[in-house]
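**Student:** Contents of final-v1.txt (compact mmCIF, C-alpha atoms):
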# COMPACT_ATOMS: atom_id res chain seq x y z
CA MET P 1 36.64 4.79 110.80
CA LYS P 2 35.00 2.24 113.07
CA LYS P 3 31.32 3.07 113.31
CA THR P 4 30.10 3.27 116.86
CA ARG P 5 27.24 4.75 118.75
CA GLY P 6 27.77 6.77 121.84
CA THR P 7 28.23 10.22 123.20
CA ALA P 8 29.75 13.13 121.35
CA ALA P 9 32.66 13.09 123.82
CA GLY P 10 33.24 9.41 123.09
CA TRP P 11 33.25 10.08 119.37
CA ARG P 12 35.74 12.96 119.80
CA LEU P 13 38.07 10.68 121.77
CA GLN P 14 37.80 7.99 119.10
CA THR P 15 38.49 10.55 116.35
CA LEU P 16 41.47 11.97 118.23
CA ARG P 17 42.99 8.51 118.57
CA ALA P 18 42.24 7.64 114.96
CA THR P 19 43.76 10.83 113.52
CA GLN P 20 46.97 10.86 115.55
CA GLY P 21 49.95 10.31 113.32
CA ARG P 22 48.29 11.66 110.16
CA ARG P 23 50.81 12.38 107.47
CA ARG P 24 50.79 16.16 107.03
CA THR P 25 52.80 18.15 104.56
CA PRO P 26 53.72 21.84 104.34
CA GLU P 27 51.10 24.17 102.91
CA ALA P 28 52.73 24.06 99.47
CA SER P 29 52.14 20.33 98.94
CA GLY P 30 49.58 17.70 99.79
CA LEU P 31 45.87 17.50 99.32
CA GLU P 32 43.53 19.98 100.95
CA VAL P 33 40.19 18.71 102.17
CA TRP P 34 37.37 21.23 102.03
CA VAL P 35 33.88 20.70 103.46
CA SER P 36 31.05 23.13 102.77
CA LEU P 37 29.15 24.89 105.49
CA LEU P 38 26.09 22.97 106.68
CA GLY P 39 22.65 24.28 107.49
CA ALA P 40 21.94 25.35 111.07
CA GLU P 41 19.19 22.73 111.47
CA ALA P 42 21.49 19.84 110.53
CA GLU P 43 24.21 21.13 112.85
CA ARG P 44 21.73 21.47 115.69
CA TYR P 45 20.98 17.74 115.31
CA GLY P 46 24.64 16.70 115.40
CA LEU P 47 25.90 16.81 111.81
CA THR P 48 28.95 19.09 111.93
CA ARG P 49 31.47 20.29 109.39
CA GLU P 50 34.27 19.30 111.78
CA ARG P 51 33.10 15.69 112.03
CA LEU P 52 32.71 15.37 108.26
CA LEU P 53 36.20 16.85 107.79
CA ALA P 54 37.71 14.47 110.36
CA GLU P 55 36.00 11.47 108.72
CA VAL P 56 37.31 12.36 105.24
CA GLU P 57 40.84 13.22 106.43
CA TYR P 58 41.11 10.02 108.46
CA ARG P 59 40.24 7.81 105.50
CA LEU P 60 42.57 9.69 103.14
CA ALA P 61 45.48 9.60 105.59
CA ARG P 62 44.90 5.90 106.28
CA SER P 63 45.27 5.24 102.55
CA GLY P 64 48.60 7.14 102.41
CA ILE P 65 47.49 10.35 100.71
CA PRO P 66 49.48 13.30 102.15
CA LEU P 67 47.25 16.02 103.55
CA ARG P 68 47.98 19.72 103.69
CA GLU P 69 48.33 21.30 107.12
CA PRO P 70 45.05 22.94 108.04
CA GLY P 71 44.99 26.70 108.02
CA ALA P 72 42.33 29.22 108.89
CA PRO P 73 38.91 28.20 107.56
CA ARG P 74 38.25 29.66 104.12
CA GLN P 75 35.26 29.74 101.84
CA LEU P 76 37.33 28.62 98.86
CA PRO P 77 39.99 25.90 98.97
CA ASP P 78 43.59 25.83 97.77
CA LEU P 79 44.54 23.34 95.08
CA PRO P 80 44.71 20.38 94.76
CA CYS P 81 41.56 19.83 96.76
CA LEU P 82 39.05 17.12 97.56
CA GLY P 83 35.81 18.93 98.26
CA VAL P 84 32.64 17.73 99.94
CA MET P 85 29.32 19.53 99.74
CA VAL P 86 26.47 18.25 101.89
CA GLN P 87 22.91 19.51 101.76
CA VAL P 88 20.23 18.22 104.11
CA GLN P 89 16.61 19.21 103.64
CA THR P 90 14.83 19.48 106.99
CA PRO P 91 11.11 19.84 106.30
CA PRO P 92 9.24 20.67 109.53
CA GLY P 93 7.23 17.77 110.91
CA ASP P 94 8.58 15.26 108.39
CA PRO P 95 10.57 12.38 109.97
CA THR P 96 12.42 11.73 106.69
CA TRP P 97 15.15 14.20 105.72
CA PRO P 98 16.59 13.87 102.19
CA PHE P 99 20.30 14.59 101.71
CA ASP P 100 22.72 15.12 98.83
CA ILE P 101 26.49 14.66 99.00
CA GLU P 102 28.71 15.88 96.20
CA MET P 103 32.40 14.98 96.31
CA PHE P 104 34.82 16.51 93.81
CA TYR P 105 38.54 16.68 93.09
CA LEU P 106 39.98 19.98 91.85
CA GLY P 107 43.47 20.32 90.45
CA GLY P 108 45.37 23.44 89.46
CA SER P 109 46.18 24.27 85.89
CA PRO P 110 49.65 23.23 84.72
CA ALA P 111 49.78 26.47 82.72
CA LYS P 112 52.01 29.37 83.74
CA GLY P 113 51.02 33.00 83.82
CA PRO P 114 47.69 34.67 84.59
CA TRP P 115 45.71 31.42 84.17
CA SER P 116 47.92 29.35 86.47
CA ARG P 117 45.25 29.24 89.21
CA ALA P 118 42.50 28.08 86.87
CA LEU P 119 40.38 25.30 88.34
CA HIS P 120 40.13 21.90 86.72
CA LEU P 121 37.29 19.69 87.88
CA GLU P 122 38.94 16.32 87.41
CA TRP P 123 36.56 14.03 89.29
CA CYS P 124 33.04 14.41 90.68
CA ARG P 125 30.45 12.03 92.12
CA GLU P 126 27.15 12.45 93.94
CA ALA P 127 25.09 10.41 96.38
CA ARG P 128 21.53 10.91 97.56
CA GLY P 129 19.66 9.35 100.41
CA VAL P 130 17.54 9.96 103.47
CA VAL P 131 18.09 10.08 107.20
CA HIS P 132 15.35 9.60 109.78
CA HIS P 133 14.48 12.14 112.42
CA HIS P 134 12.85 10.95 115.66
CA GLY P 135 12.27 13.72 118.21
CA ARG P 136 15.70 15.12 119.15
CA GLU P 137 17.54 12.19 117.50
CA VAL P 138 18.69 11.88 113.90
CA ASN P 139 20.25 8.68 112.60
CA TRP P 140 23.07 10.08 110.42
CA GLN P 141 24.44 6.60 109.65
CA PRO P 142 23.05 6.46 106.04
CA LEU P 143 24.77 9.78 105.27
CA TYR P 144 28.13 8.57 106.67
CA GLU P 145 27.81 5.29 104.77
CA ASP P 146 27.24 7.16 101.49
CA LEU P 147 30.16 9.47 102.31
CA GLY P 148 32.33 6.38 102.86
CA CYS P 149 31.24 4.89 99.52
CA LEU P 150 32.15 8.10 97.69
CA LEU P 151 35.55 8.17 99.41
CA GLU P 152 36.22 4.55 98.47
CA GLU P 153 35.34 5.34 94.87
CA PHE P 154 37.68 8.35 94.89
CA LEU P 155 40.50 6.33 96.44
CA GLY P 156 40.01 3.59 93.85
CA GLU P 157 40.25 6.09 91.01
CA HIS P 158 42.86 8.37 92.61
CA GLN P 159 45.89 6.43 91.38
CA ILE P 160 44.54 6.36 87.81
CA LEU P 161 43.68 10.05 88.02
CA GLN P 162 47.18 10.98 89.24
CA ALA P 163 48.83 8.91 86.50
CA GLU P 164 46.76 10.67 83.84
CA LEU P 165 47.79 14.09 85.18
CA LEU P 166 51.54 13.40 85.04
CA PRO P 167 53.36 14.91 82.05
CA SER P 168 54.16 12.24 79.47
CA TRP P 169 57.92 12.64 80.02
CA ALA P 170 57.55 11.88 83.76
CA ALA P 171 55.83 8.56 83.08
CA HIS P 172 58.92 7.11 81.35
In structure tokens, write the structure found in this file.

**Tutor:**
Amino acid sequence: MKKTRGTAAGWRLQTLRATQGRRRTPEASGLEVWVSLLGAEAERYGLTRERLLAEVEYRLARSGIPLREPGAPRQLPDLPCLGVMVQVQTPPGDPTWPFDIEMFYLGGSPAKGPWSRALHLEWCREARGVVHHHGREVNWQPLYEDLGCLLEEFLGEHQILQAELLPSWAAH
């Protein structure tokens, strides 16, 4: 997504335009994107779950990965899923806030029966950095840049990952 500065309303308009025409699939197919809940302090300073979700979905859709239609928010995702967990430490009085981003890909088990919903962590990466807090302003740009780098890494490895998960008879 083009990185711009401006008002929240301007960003929402840009996101709306950027996400129009996303390729969505029925609930039974496609990739679900799941973003963890954020701390109240980070949300108060403009880092929202909705914006992170929109950023990830936009980049995935732009690269041709079908996305599952969004449903009601849940604490646990359906499979397959690309998950994003973000933690921001907000020490009082400190202008530097450390953050951690963990991005992971979960697939369902190919097994049938009672273990058919078993989780398989098939890909996971982490990034750490800091954002700077100045009064009522936080520059979230380093966090979004690291998120973008993790997404690019996932997209680069996604084709290889999918090929490895195919049954051997389907590859012929």

**Student:** Neighbours of Leu82 of chain P within 8 Å (all atoms listed in the file; same-chain residues fewer than 4 positions away dropped), as a list of chain:residue names?

**Tutor:**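 The contact residues come out as P:Leu31, P:Glu32, P:Val33, P:Trp34, P:Met103, P:Phe104, P:Tyr105, P:Leu106.
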
**Student:** When you draw a straight line from atom CA of Gln141 of chain P to atom CA of Gln87 of chain P, how long is it in Å?

**Tutor:**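 Interatomic distance here is 15.2 Å.
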
**Student:** Would you please work out which residue, of P:Gly39, P:Gly148, P:Gly107, P:Pro98, is nearest to Leu121 of chain P when using only C-alpha atoms?

**Tutor:** P:Gly107

**Student:** Compare P:Gly30, P:Glu152, P:Val88, P:Trp123 by their minimum atom-to-atom distance to Glu69 of chain P, counting all atoms listed in the file, and give me the closest one.

**Tutor:**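 Answer, going by the shortest atom-to-atom distance: P:Gly30.
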
**Student:** Tell me which of P:Val131, P:Val138, P:Leu147, P:Val35 sits closest to Ile101 of chain P, counting only C-alpha atoms.

**Tutor:** P:Leu147

**Student:** From the list P:His158, P:Arg51, P:His132, P:Arg125, which residue is nearest Gly83 of chain P when using all atoms listed in the file?

**Tutor:**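 Of P:His158, P:Arg51, P:His132, P:Arg125, the one nearest Gly83 of chain P, counting all atoms listed in the file, is P:Arg125.
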
**Student:** Check the smallest atom-to-atom distance from each of P:Glu57, P:Glu157, P:Asp100, P:Glu122 to Pro142 of chain P using all atoms listed in the file, then report the winner.

**Tutor:**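 Of the candidates, the smallest distance to Pro142 of chain P is held by P:Asp100.
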
**Student:** Restricting the calculation to all atoms listed in the file: of P:Val56, P:Val86, P:Val130, P:Leu79, which residue gets closest to Cys149 of chain P?

**Tutor:** P:Val56

**Student:** Find the residues near His134 of chain P: any atom within 12 Å, counting all atoms listed in the file, skip ones fewer than 4 places away on the same chain, and give them as a ChimeraX atom specification.

**Tutor:** /P:45,93-97,138-140

**Student:** Quick one, how far is atom CA of Pro66 of chain P from atom CA of Glu126 of chain P?

**Tutor:**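 Between these atoms lies a distance of 23.8 Å.
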
**Student:** Could you tell me how far atom CA of Leu52 of chain P sits from atom CA of Gly135 of chain P, in Å to one decimal place?

**Tutor:**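 Distance reported for this atom pair: 22.8 Å.
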
**Student:** Could I get segment 134-148 of chain P rebuilt with N, CA and C atoms, written as a tab-separated table (two decimals), keeping the file's coordinate frame?

**Tutor:**
chain	number	residue	atom	x	y	z
P	134	HIS	N	13.80	11.41	114.63
P	134	HIS	CA	12.85	10.95	115.66
P	134	HIS	C	13.03	11.84	116.88
P	135	GLY	N	12.14	12.81	117.07
P	135	GLY	CA	12.27	13.72	118.21
P	135	GLY	C	13.55	14.53	118.13
P	136	ARG	N	14.41	14.40	119.13
P	136	ARG	CA	15.70	15.12	119.15
P	136	ARG	C	16.83	14.27	118.56
P	137	GLU	N	16.52	13.11	118.03
P	137	GLU	CA	17.54	12.19	117.50
P	137	GLU	C	17.45	12.11	115.98
P	138	VAL	N	18.61	12.12	115.35
P	138	VAL	CA	18.69	11.88	113.90
P	138	VAL	C	19.71	10.77	113.70
P	139	ASN	N	19.33	9.76	112.93
P	139	ASN	CA	20.25	8.68	112.60
P	139	ASN	C	21.02	9.10	111.34
P	140	TRP	N	22.24	9.61	111.53
P	140	TRP	CA	23.07	10.08	110.42
P	140	TRP	C	23.82	8.96	109.72
P	141	GLN	N	23.67	7.72	110.18
P	141	GLN	CA	24.44	6.60	109.65
P	141	GLN	C	24.32	6.46	108.12
P	142	PRO	N	23.12	6.57	107.52
P	142	PRO	CA	23.05	6.46	106.04
P	142	PRO	C	23.90	7.51	105.33
P	143	LEU	N	23.96	8.72	105.88
P	143	LEU	CA	24.77	9.78	105.27
P	143	LEU	C	26.25	9.41	105.35
P	144	TYR	N	26.72	8.94	106.53
P	144	TYR	CA	28.13	8.57	106.67
P	144	TYR	C	28.49	7.36	105.82
P	145	GLU	N	27.55	6.44	105.64
P	145	GLU	CA	27.81	5.29	104.77
P	145	GLU	C	27.98	5.73	103.32
P	146	ASP	N	27.11	6.65	102.86
P	146	ASP	CA	27.24	7.16	101.49
P	146	ASP	C	28.53	7.96	101.33
P	147	LEU	N	28.89	8.74	102.34
P	147	LEU	CA	30.16	9.47	102.31
P	147	LEU	C	31.32	8.49	102.17
P	148	GLY	N	31.29	7.41	102.94
P	148	GLY	CA	32.33	6.38	102.86
P	148	GLY	C	32.40	5.73	101.49
